[in-house]
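Enquirer: What follows is coords.csv, made up of CSV, C-alpha atoms and all ligand atoms:
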```csv
chain,number,residue,atom,x,y,z
A,1,MET,CA,-7.7,-70.7,51.5
A,2,ALA,CA,-8.4,-69.1,48.1
A,3,LYS,CA,-6.2,-70.2,45.2
A,4,TYR,CA,-4.6,-67.3,43.4
A,5,LEU,CA,-3.0,-67.1,40.0
A,6,ILE,CA,-0.5,-64.4,38.9
A,7,ALA,CA,-1.0,-63.3,35.3
A,8,SER,CA,1.2,-60.6,33.8
A,9,PHE,CA,1.6,-59.1,30.4
A,10,PRO,CA,4.9,-59.9,28.5
A,11,TRP,CA,6.7,-56.6,29.4
A,12,SER,CA,5.7,-57.0,33.0
A,13,SER,CA,6.8,-60.6,33.5
A,14,ASP,CA,9.7,-59.7,35.8
A,15,VAL,CA,7.3,-58.2,38.2
A,16,GLY,CA,5.0,-61.3,37.9
A,17,ASN,CA,8.0,-63.7,38.4
A,18,ASP,CA,9.2,-61.8,41.5
A,19,VAL,CA,5.7,-61.8,43.1
A,20,ALA,CA,5.1,-65.5,42.2
A,21,ASN,CA,8.4,-66.6,43.5
A,22,ALA,CA,8.1,-64.7,46.8
A,23,LEU,CA,4.6,-65.9,47.4
A,24,GLY,CA,4.9,-69.4,46.0
A,25,LEU,CA,2.2,-68.9,43.4
A,26,ILE,CA,1.8,-70.0,39.8
A,27,HIS,CA,2.7,-67.3,37.3
A,28,VAL,CA,1.6,-67.2,33.6
A,29,THR,CA,2.4,-64.6,30.9
A,30,LEU,CA,-0.6,-63.6,28.9
A,31,GLU,CA,-0.5,-64.1,25.2
A,32,THR,CA,-1.0,-60.9,23.3
A,33,LYS,CA,-1.2,-59.8,19.7
A,34,GLN,CA,-2.7,-57.0,17.6
A,35,PHE,CA,-5.1,-57.6,14.8
A,36,PRO,CA,-4.3,-56.0,11.5
A,37,ASP,CA,-6.9,-53.2,12.2
A,38,GLY,CA,-5.1,-52.4,15.5
A,39,GLU,CA,-7.5,-54.1,17.9
A,40,SER,CA,-6.0,-56.0,20.8
A,41,TYR,CA,-6.1,-59.8,21.5
A,42,ILE,CA,-5.2,-61.4,24.7
A,43,ARG,CA,-5.4,-65.0,25.9
A,44,TYR,CA,-4.6,-66.9,29.1
A,45,PRO,CA,-2.3,-69.8,28.2
A,46,ILE,CA,-3.7,-72.1,30.8
A,47,ASP,CA,-7.1,-73.1,32.1
A,48,ILE,CA,-7.8,-70.5,34.8
A,49,THR,CA,-11.2,-71.8,35.8
A,50,THR,CA,-9.7,-73.7,38.8
A,51,TYR,CA,-8.5,-70.5,40.5
A,52,ASP,CA,-10.6,-68.4,42.9
A,53,GLY,CA,-8.5,-65.2,42.5
A,54,LEU,CA,-6.3,-63.4,40.0
A,55,ILE,CA,-3.4,-61.0,40.4
A,56,LEU,CA,-3.2,-59.2,37.1
A,57,ILE,CA,0.0,-57.2,36.5
A,58,GLN,CA,0.4,-54.7,33.7
A,59,ARG,CA,3.1,-52.1,33.0
A,60,ALA,CA,0.7,-49.8,31.3
A,61,TYR,CA,3.2,-47.4,29.7
A,62,PRO,CA,4.2,-46.9,26.9
A,63,GLU,CA,1.2,-47.6,24.6
A,64,GLN,CA,-1.1,-46.8,27.6
A,65,ASN,CA,-4.4,-46.8,25.6
A,66,ASN,CA,-3.7,-50.2,24.1
A,67,ARG,CA,-2.3,-51.7,27.4
A,68,LEU,CA,-5.3,-50.5,29.4
A,69,ILE,CA,-7.6,-52.2,26.8
A,70,GLN,CA,-5.6,-55.4,27.3
A,71,VAL,CA,-6.1,-55.2,31.0
A,72,MET,CA,-9.9,-54.7,30.5
A,73,LEU,CA,-10.1,-57.7,28.1
A,74,ALA,CA,-8.1,-59.9,30.6
A,75,MET,CA,-10.3,-58.8,33.5
A,76,HIS,CA,-13.6,-59.4,31.6
A,77,ALA,CA,-12.4,-62.9,30.5
A,78,ALA,CA,-11.4,-63.8,34.0
A,79,HIS,CA,-14.7,-62.6,35.4
A,80,ASP,CA,-16.5,-64.6,32.7
A,81,LEU,CA,-14.5,-67.7,33.5
A,82,GLY,CA,-15.6,-67.6,37.1
A,83,ILE,CA,-12.7,-65.9,38.9
A,84,LYS,CA,-14.2,-64.3,42.0
A,85,SER,CA,-11.6,-61.9,43.1
A,86,ILE,CA,-9.3,-59.8,40.8
A,87,HIS,CA,-6.5,-57.6,42.1
A,88,VAL,CA,-5.0,-55.4,39.4
A,89,VAL,CA,-1.5,-54.1,39.6
A,90,LEU,CA,-0.7,-51.1,37.4
A,91,PRO,CA,2.7,-49.8,38.7
A,92,TYR,CA,2.2,-46.7,36.7
A,93,LEU,CA,-1.4,-45.7,36.4
A,94,PRO,CA,-2.0,-43.8,33.1
A,95,TYR,CA,-4.4,-40.8,33.2
A,96,SER,CA,-3.7,-40.3,36.9
A,97,ARG,CA,-2.7,-36.6,36.4
A,98,GLN,CA,-6.1,-35.7,35.1
A,99,ASP,CA,-7.6,-36.2,38.5
A,100,ARG,CA,-9.9,-33.2,38.4
A,101,ARG,CA,-11.7,-31.0,35.9
A,102,PHE,CA,-9.1,-28.2,35.2
A,103,ARG,CA,-11.2,-26.6,32.5
A,104,ASP,CA,-14.9,-26.7,31.8
A,105,GLY,CA,-16.0,-29.7,29.7
A,106,GLU,CA,-13.1,-31.9,30.6
A,107,PRO,CA,-13.5,-35.5,32.0
A,108,VAL,CA,-11.9,-36.5,35.3
A,109,SER,CA,-9.9,-39.1,33.4
A,110,LEU,CA,-8.5,-40.9,36.5
A,111,GLN,CA,-12.1,-41.5,37.6
A,112,THR,CA,-13.0,-42.8,34.1
A,113,ILE,CA,-10.2,-45.4,34.3
A,114,LEU,CA,-11.0,-46.4,37.9
A,115,SER,CA,-14.7,-46.7,37.1
A,116,LEU,CA,-13.9,-49.0,34.2
A,117,LEU,CA,-11.7,-51.2,36.2
A,118,SER,CA,-14.1,-51.3,39.1
A,119,SER,CA,-17.1,-52.1,36.8
A,120,LEU,CA,-15.1,-55.0,35.3
A,121,GLY,CA,-14.7,-56.6,38.6
A,122,ALA,CA,-11.5,-55.2,40.2
A,123,SER,CA,-11.6,-55.9,43.9
A,124,THR,CA,-8.4,-54.0,44.3
A,125,ILE,CA,-6.4,-51.5,42.2
A,126,ILE,CA,-2.8,-51.2,43.2
A,127,THR,CA,-0.4,-48.6,41.9
A,128,VAL,CA,2.9,-46.9,42.9
A,129,ASP,CA,3.2,-43.2,43.8
A,130,ILE,CA,0.0,-42.0,42.4
A,131,HIS,CA,0.0,-38.3,41.5
A,132,LYS,CA,-2.5,-37.3,44.1
A,133,PRO,CA,-3.4,-40.0,46.6
A,134,GLU,CA,-6.6,-38.3,47.8
A,135,ALA,CA,-8.0,-38.6,44.3
A,136,PHE,CA,-7.3,-42.3,44.1
A,137,ARG,CA,-10.6,-43.8,45.2
A,138,ILE,CA,-13.6,-45.4,43.7
A,139,ASN,CA,-16.8,-47.1,44.9
A,140,ASN,CA,-16.7,-50.9,45.0
A,141,ALA,CA,-12.9,-51.3,44.7
A,142,GLN,CA,-10.1,-50.9,47.2
A,143,CYS,CA,-7.4,-48.5,45.9
A,144,ILE,CA,-3.8,-49.0,47.3
A,145,ASN,CA,-1.0,-46.6,46.6
A,146,ILE,CA,2.5,-47.9,47.3
A,147,GLU,CA,4.9,-45.2,48.4
A,148,PRO,CA,8.6,-45.8,47.4
A,149,PHE,CA,10.0,-42.9,49.5
A,150,LYS,CA,12.1,-45.0,51.9
A,151,LEU,CA,13.9,-46.5,48.9
A,152,TYR,CA,14.8,-43.0,47.8
A,153,ALA,CA,16.0,-42.1,51.3
A,154,ASP,CA,18.1,-45.2,51.4
A,155,ARG,CA,19.9,-44.1,48.2
A,156,LEU,CA,20.7,-40.7,49.6
A,157,ARG,CA,22.0,-41.8,53.0
A,158,GLY,CA,25.5,-40.6,53.7
A,159,ILE,CA,25.4,-37.4,51.4
A,160,SER,CA,26.2,-34.7,54.0
A,161,ASN,CA,25.1,-31.6,52.1
A,162,ALA,CA,21.9,-33.0,50.5
A,163,VAL,CA,18.8,-30.7,50.2
A,164,LEU,CA,15.5,-32.3,49.0
A,165,LEU,CA,13.4,-30.1,46.7
A,166,SER,CA,9.8,-30.5,45.5
A,167,PRO,CA,9.4,-28.7,42.1
A,168,ASP,CA,5.9,-27.6,43.2
A,169,ILE,CA,3.8,-27.4,46.3
A,170,GLY,CA,1.7,-30.4,45.2
A,171,SER,CA,4.7,-32.7,45.6
A,172,LEU,CA,5.9,-31.2,48.9
A,173,TRP,CA,4.5,-34.1,50.8
A,174,ARG,CA,6.9,-36.4,48.9
A,175,VAL,CA,10.0,-34.6,50.0
A,176,GLU,CA,8.7,-34.4,53.5
A,177,LYS,CA,8.3,-38.2,53.6
A,178,VAL,CA,11.8,-38.8,52.2
A,179,SER,CA,13.1,-36.3,54.8
A,180,GLU,CA,11.3,-38.2,57.6
A,181,TYR,CA,13.5,-41.2,56.7
A,182,LEU,CA,16.6,-39.2,55.9
A,183,GLY,CA,16.6,-36.2,58.1
A,184,ALA,CA,17.8,-33.9,55.3
A,185,PRO,CA,16.4,-30.4,54.9
A,186,PHE,CA,13.7,-29.8,52.3
A,187,SER,CA,11.9,-27.0,50.5
A,188,TYR,CA,9.8,-26.4,47.4
A,189,LEU,CA,9.4,-24.2,44.4
A,190,GLU,CA,6.3,-22.5,43.0
A,191,LYS,CA,5.3,-23.9,39.6
A,192,PHE,CA,2.6,-22.7,37.2
A,193,ARG,CA,1.4,-24.8,34.3
A,194,ASP,CA,-0.5,-23.3,31.4
A,195,ARG,CA,-3.4,-25.7,31.1
A,196,VAL,CA,-3.7,-25.0,27.4
A,197,THR,CA,-0.1,-25.2,26.2
A,198,GLY,CA,1.3,-27.3,29.0
A,199,GLU,CA,4.2,-24.8,29.4
A,200,VAL,CA,5.8,-24.7,32.8
A,201,THR,CA,7.0,-21.5,34.5
A,202,MET,CA,8.5,-21.1,38.0
A,203,LYS,CA,8.7,-18.2,40.4
A,204,PRO,CA,12.3,-17.5,41.5
A,205,LYS,CA,12.6,-18.0,45.3
A,206,GLU,CA,15.3,-17.5,47.9
A,207,LEU,CA,16.5,-20.9,49.1
A,208,ASP,CA,19.5,-21.9,51.3
A,209,VAL,CA,21.0,-24.1,48.6
A,210,ALA,CA,24.3,-22.5,47.6
A,211,GLY,CA,27.1,-25.0,47.6
A,212,LYS,CA,24.6,-27.8,48.3
A,213,GLU,CA,23.7,-30.9,46.3
A,214,VAL,CA,20.0,-30.7,45.5
A,215,PHE,CA,17.8,-33.7,44.9
A,216,ILE,CA,14.5,-32.8,43.1
A,217,ILE,CA,12.0,-35.5,43.9
A,218,ASP,CA,8.8,-35.8,41.8
A,219,ASP,CA,6.3,-38.5,40.8
A,220,ILE,CA,6.7,-38.1,37.1
A,221,ILE,CA,9.2,-36.8,34.5
A,222,ALA,CA,7.2,-36.4,31.3
A,223,THR,CA,8.5,-33.6,29.1
A,224,GLY,CA,11.2,-32.7,31.6
A,225,GLY,CA,9.9,-29.1,31.6
A,226,THR,CA,9.4,-29.1,35.4
A,227,ILE,CA,12.9,-30.4,36.2
A,228,ILE,CA,14.5,-28.1,33.6
A,229,GLU,CA,12.8,-24.9,35.0
A,230,ALA,CA,13.7,-25.9,38.6
A,231,THR,CA,17.3,-26.6,37.6
A,232,LYS,CA,17.6,-23.1,36.0
A,233,ILE,CA,16.5,-21.5,39.3
A,234,LEU,CA,18.8,-23.8,41.4
A,235,LYS,CA,21.8,-23.1,39.2
A,236,SER,CA,21.3,-19.3,39.6
A,237,LEU,CA,21.3,-19.9,43.4
A,238,GLY,CA,24.8,-21.5,43.3
A,239,VAL,CA,23.8,-25.1,43.8
A,240,THR,CA,26.8,-27.5,43.3
A,241,ARG,CA,24.8,-30.3,41.6
A,242,VAL,CA,21.2,-30.9,40.8
A,243,HIS,CA,19.9,-34.5,40.7
A,244,ALA,CA,16.4,-35.6,39.5
A,245,ILE,CA,14.6,-38.5,41.2
A,246,ALA,CA,11.2,-39.6,39.9
A,247,THR,CA,9.1,-42.7,40.3
A,248,HIS,CA,7.7,-42.8,36.7
A,249,CYS,CA,10.0,-41.6,33.9
A,250,LEU,CA,8.2,-41.1,30.6
A,251,LEU,CA,11.1,-39.0,29.3
A,252,LEU,CA,9.2,-37.6,26.2
A,253,ASN,CA,11.0,-36.0,23.3
A,254,MET,CA,14.5,-36.7,24.6
A,255,ALA,CA,13.7,-35.1,27.9
A,256,ASP,CA,16.8,-36.7,29.4
A,257,SER,CA,19.2,-35.0,27.0
A,258,ARG,CA,17.5,-31.7,27.5
A,259,MET,CA,17.7,-32.1,31.3
A,260,PHE,CA,21.4,-32.9,31.1
A,261,GLU,CA,21.9,-29.8,28.8
A,262,ALA,CA,20.1,-27.7,31.5
A,263,GLY,CA,22.6,-28.9,34.1
A,264,VAL,CA,21.1,-31.9,35.7
A,265,SER,CA,23.8,-34.2,36.9
A,266,SER,CA,21.9,-37.5,37.3
A,267,ILE,CA,18.4,-38.9,36.7
A,268,THR,CA,17.1,-41.8,38.9
A,269,CYS,CA,13.9,-43.6,38.1
A,270,SER,CA,12.0,-46.6,39.5
A,271,ASN,CA,11.2,-49.7,37.5
A,272,THR,CA,7.5,-48.9,37.1
A,273,ILE,CA,8.6,-47.8,33.6
A,274,PRO,CA,11.9,-49.4,32.8
A,275,THR,CA,14.4,-46.9,31.3
A,276,ARG,CA,18.2,-46.6,31.3
A,277,TYR,CA,17.8,-44.6,34.5
A,278,THR,CA,16.0,-47.3,36.4
A,279,GLU,CA,17.8,-47.8,39.7
A,280,VAL,CA,15.0,-48.3,42.2
A,281,ASN,CA,13.1,-51.6,42.2
A,282,VAL,CA,9.7,-51.4,43.7
A,283,ASN,CA,8.8,-55.1,43.2
A,284,GLN,CA,9.4,-56.0,46.9
A,285,LEU,CA,6.9,-53.2,47.9
A,286,ILE,CA,4.3,-54.8,45.5
A,287,ILE,CA,5.0,-58.2,46.9
A,288,ASN,CA,4.4,-56.9,50.5
A,289,VAL,CA,1.0,-55.5,49.5
A,290,ILE,CA,-0.1,-58.6,47.7
A,291,ARG,CA,1.0,-60.9,50.5
A,292,GLU,CA,-1.3,-59.0,52.9
A,293,LEU,CA,-4.2,-59.0,50.4
A,294,ILE,CA,-4.3,-62.7,49.8
A,295,LYS,CA,-3.5,-64.0,53.3
B,301,LIG,C1,2.8,-32.5,38.0
B,301,LIG,O1,2.4,-31.9,38.9
B,301,LIG,C2,3.7,-33.7,38.3
B,301,LIG,O2,4.0,-33.9,39.6
B,301,LIG,C3,5.0,-33.6,37.5
B,301,LIG,O3,5.7,-32.5,38.0
B,301,LIG,C4,4.8,-33.4,36.1
B,301,LIG,O4,3.9,-34.3,35.6
B,301,LIG,C5,6.1,-33.4,35.3
B,301,LIG,O5,5.8,-33.2,33.9
B,301,LIG,P1,6.9,-32.6,33.0
B,301,LIG,O6,8.1,-33.4,33.0
B,301,LIG,O7,6.2,-32.6,31.6
B,301,LIG,O8,7.1,-31.2,33.4
```
Once you've parsed the file, please lay out its structure as structure tokens.
Ligand code: R5P
Expert:
Amino acid sequence: MAKYLIASFPWSSDVGNDVANALGLIHVTLETKQFPDGESYIRYPIDITTYDGLILIQRAYPEQNNRLIQVMLAMHAAHDLGIKSIHVVLPYLPYSRQDRRFRDGEPVSLQTILSLLSSLGASTIITVDIHKPEAFRINNAQCINIEPFKLYADRLRGISNAVLLSPDIGSLWRVEKVSEYLGAPFSYLEKFRDRVTGEVTMKPKELDVAGKEVFIIDDIIATGGTIIEATKILKSLGVTRVHAIATHCLLLNMADSRMFEAGVSSITCSNTIPTRYTEVNVNQLIINVIRELIK
């Protein structure tokens, strides 16, 4: 049986520890530092040449550019040192929203990142709740998207007047999946994003939500613009309370304060990016995937 090592970056070591403890594997935390000019340095603190395989875990946000370079350095070193199989776990995959060329001349950045990881020897790239699962594929590497939707349904069980809402049609499949577990009604809004300014607008819509508790479910809260616009519409429709649930909470420019000001009652996030709103732990889902991969 292949001998696997778990290596995580310092801000991801809770994930590394959980995976290692559950699967009975050795876990090391990579050493990292930044050179005075800003370049990254990483080092494995043990001799890794006796291992056949590596599970490399990186919370790649914040500082996503630097943290992706760290992953690439660690992968290349492992490959150089004779590791045959590398499974990379990036609970939040940066650049995943640029999954197509929206305007002429743009890169498909998700493909750029996946190509780099694959060319550096990734056998598997694992993430959680990728923006668009159908865009998560690359030649020569297996891409695994972990869905946290049952965990969201479990949190909402017992709320009798809950309505699930996708802030746009692109995320409708998420609320459908939560609803499959929960049995709650669901709907969606129509969102438009200005591809130059990033500004979000939404079309008012008749929804049967008056007197209900609405849970907006999305993959990412970045500027909060999507949730704020949705909340304005919901409030005008007489919703009792609006809650925001998202897997990855970037919460840029005090998005949380602005969301609360707009009338959001609660924010729930997963631990792919730890914040004060982290209430859903996806580590067990990561463990389940890795257990299957290395058996
Ligand atoms: C986009 O389609 C995503 O699913 C999210 O709705 C979006 O990334 C959220 O961004 P923001 O919080 O900046 O509106």
Enquirer: I'd like the box whose edges run along x, y and z of the file and which contains every listed atom of region 72-90 of chain A, padded by 6 Å per side; could you state its centre and edge lengths in Å, one decimal, as lines of an AutoDock Vina configuration file?
Expert:
```
center_x = -8.6
center_y = -59.4
center_z = 35.6
size_x = 27.8
size_y = 28.6
size_z = 27.0
```
Enquirer: With 8 Å as the cut-off and only C-alpha atoms and all ligand atoms counted, what is the closest atom pair between each nearby residue of chain A and ligand LIG 301 (chain B)? Distances in Å to one decimal, ordered by chain and number, as a tab-separated table.
Expert:
```
residue	atom	partner	partner_atom	distance
A:Arg97	CA	B:LIG301	O4	7.0
A:His131	CA	B:LIG301	O2	6.2
A:Pro167	CA	B:LIG301	O3	6.7
A:Asp168	CA	B:LIG301	O1	7.0
A:Gly170	CA	B:LIG301	O1	6.5
A:Ser171	CA	B:LIG301	O2	6.2
A:Gly198	CA	B:LIG301	O7	7.7
A:Val200	CA	B:LIG301	O8	6.7
A:Asp218	CA	B:LIG301	O2	5.6
A:Asp219	CA	B:LIG301	O2	5.3
A:Ile220	CA	B:LIG301	C3	4.8
A:Ile221	CA	B:LIG301	O6	3.9
A:Ala222	CA	B:LIG301	O6	3.6
A:Thr223	CA	B:LIG301	O7	3.5
A:Gly224	CA	B:LIG301	O6	3.5
A:Gly225	CA	B:LIG301	O8	3.9
A:Thr226	CA	B:LIG301	O8	3.7
A:Ile227	CA	B:LIG301	O8	6.5
A:Leu251	CA	B:LIG301	O6	7.4
A:Leu252	CA	B:LIG301	O7	7.9
A:Ala255	CA	B:LIG301	O6	7.8
```
Enquirer: Counting all atoms listed in the file, which of A:Tyr152, A:Phe102, A:Trp11, A:Tyr61 gets nearest to Ile273 (chain A)?
Expert: A:Tyr61
Enquirer: In terms of the shortest atom-to-atom distance over all atoms listed in the file, which of A:Gly211, A:Gly24, A:Gly263, A:Gly121 is closest to Leu54 (chain A)?
Expert: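 Ranked by minimum distance to Leu54 (chain A), first place goes to A:Gly121.
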Enquirer: Can you tell me, as JSON, numbers by chain, what residues are no more than 10 Å from Arg276 (chain A) when counting all atoms listed in the file, ignoring any on the same chain fewer than 5 positions away?
Expert: {"A": [249, 267, 268, 269, 271]}
Enquirer: Could you tell me how far CA of Asn139 (chain A) lies from CA of Ile126 (chain A), in Å and to one decimal?
Expert: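 So the answer is 14.7 Å.
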Enquirer: Please report the interatomic distance between CA of Phe149 (chain A) and CA of Met202 (chain A) in Å with one decimal.
Expert: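 Between these atoms lies a distance of 24.7 Å.
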Enquirer: One number please: CA of Leu81 (chain A) to CA of Thr32 (chain A), in Å, one decimal.
Expert: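 Pair CA of Leu81 (chain A) / CA of Thr32 (chain A) returns 18.2 Å.
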Enquirer: Looking at only C-alpha atoms, which of A:Leu189, A:Ile217, A:Leu234, A:Val289 is the one that sits closest to Glu176 (chain A)?
Expert: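 Of the candidates, the smallest distance to Glu176 (chain A) is held by A:Ile217.
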Enquirer: Which is closer to Asp208 (chain A) than all the others in A:Ile83, A:Ala162, A:Val196, A:Ile146, using only C-alpha atoms?
Expert: A:Ala162
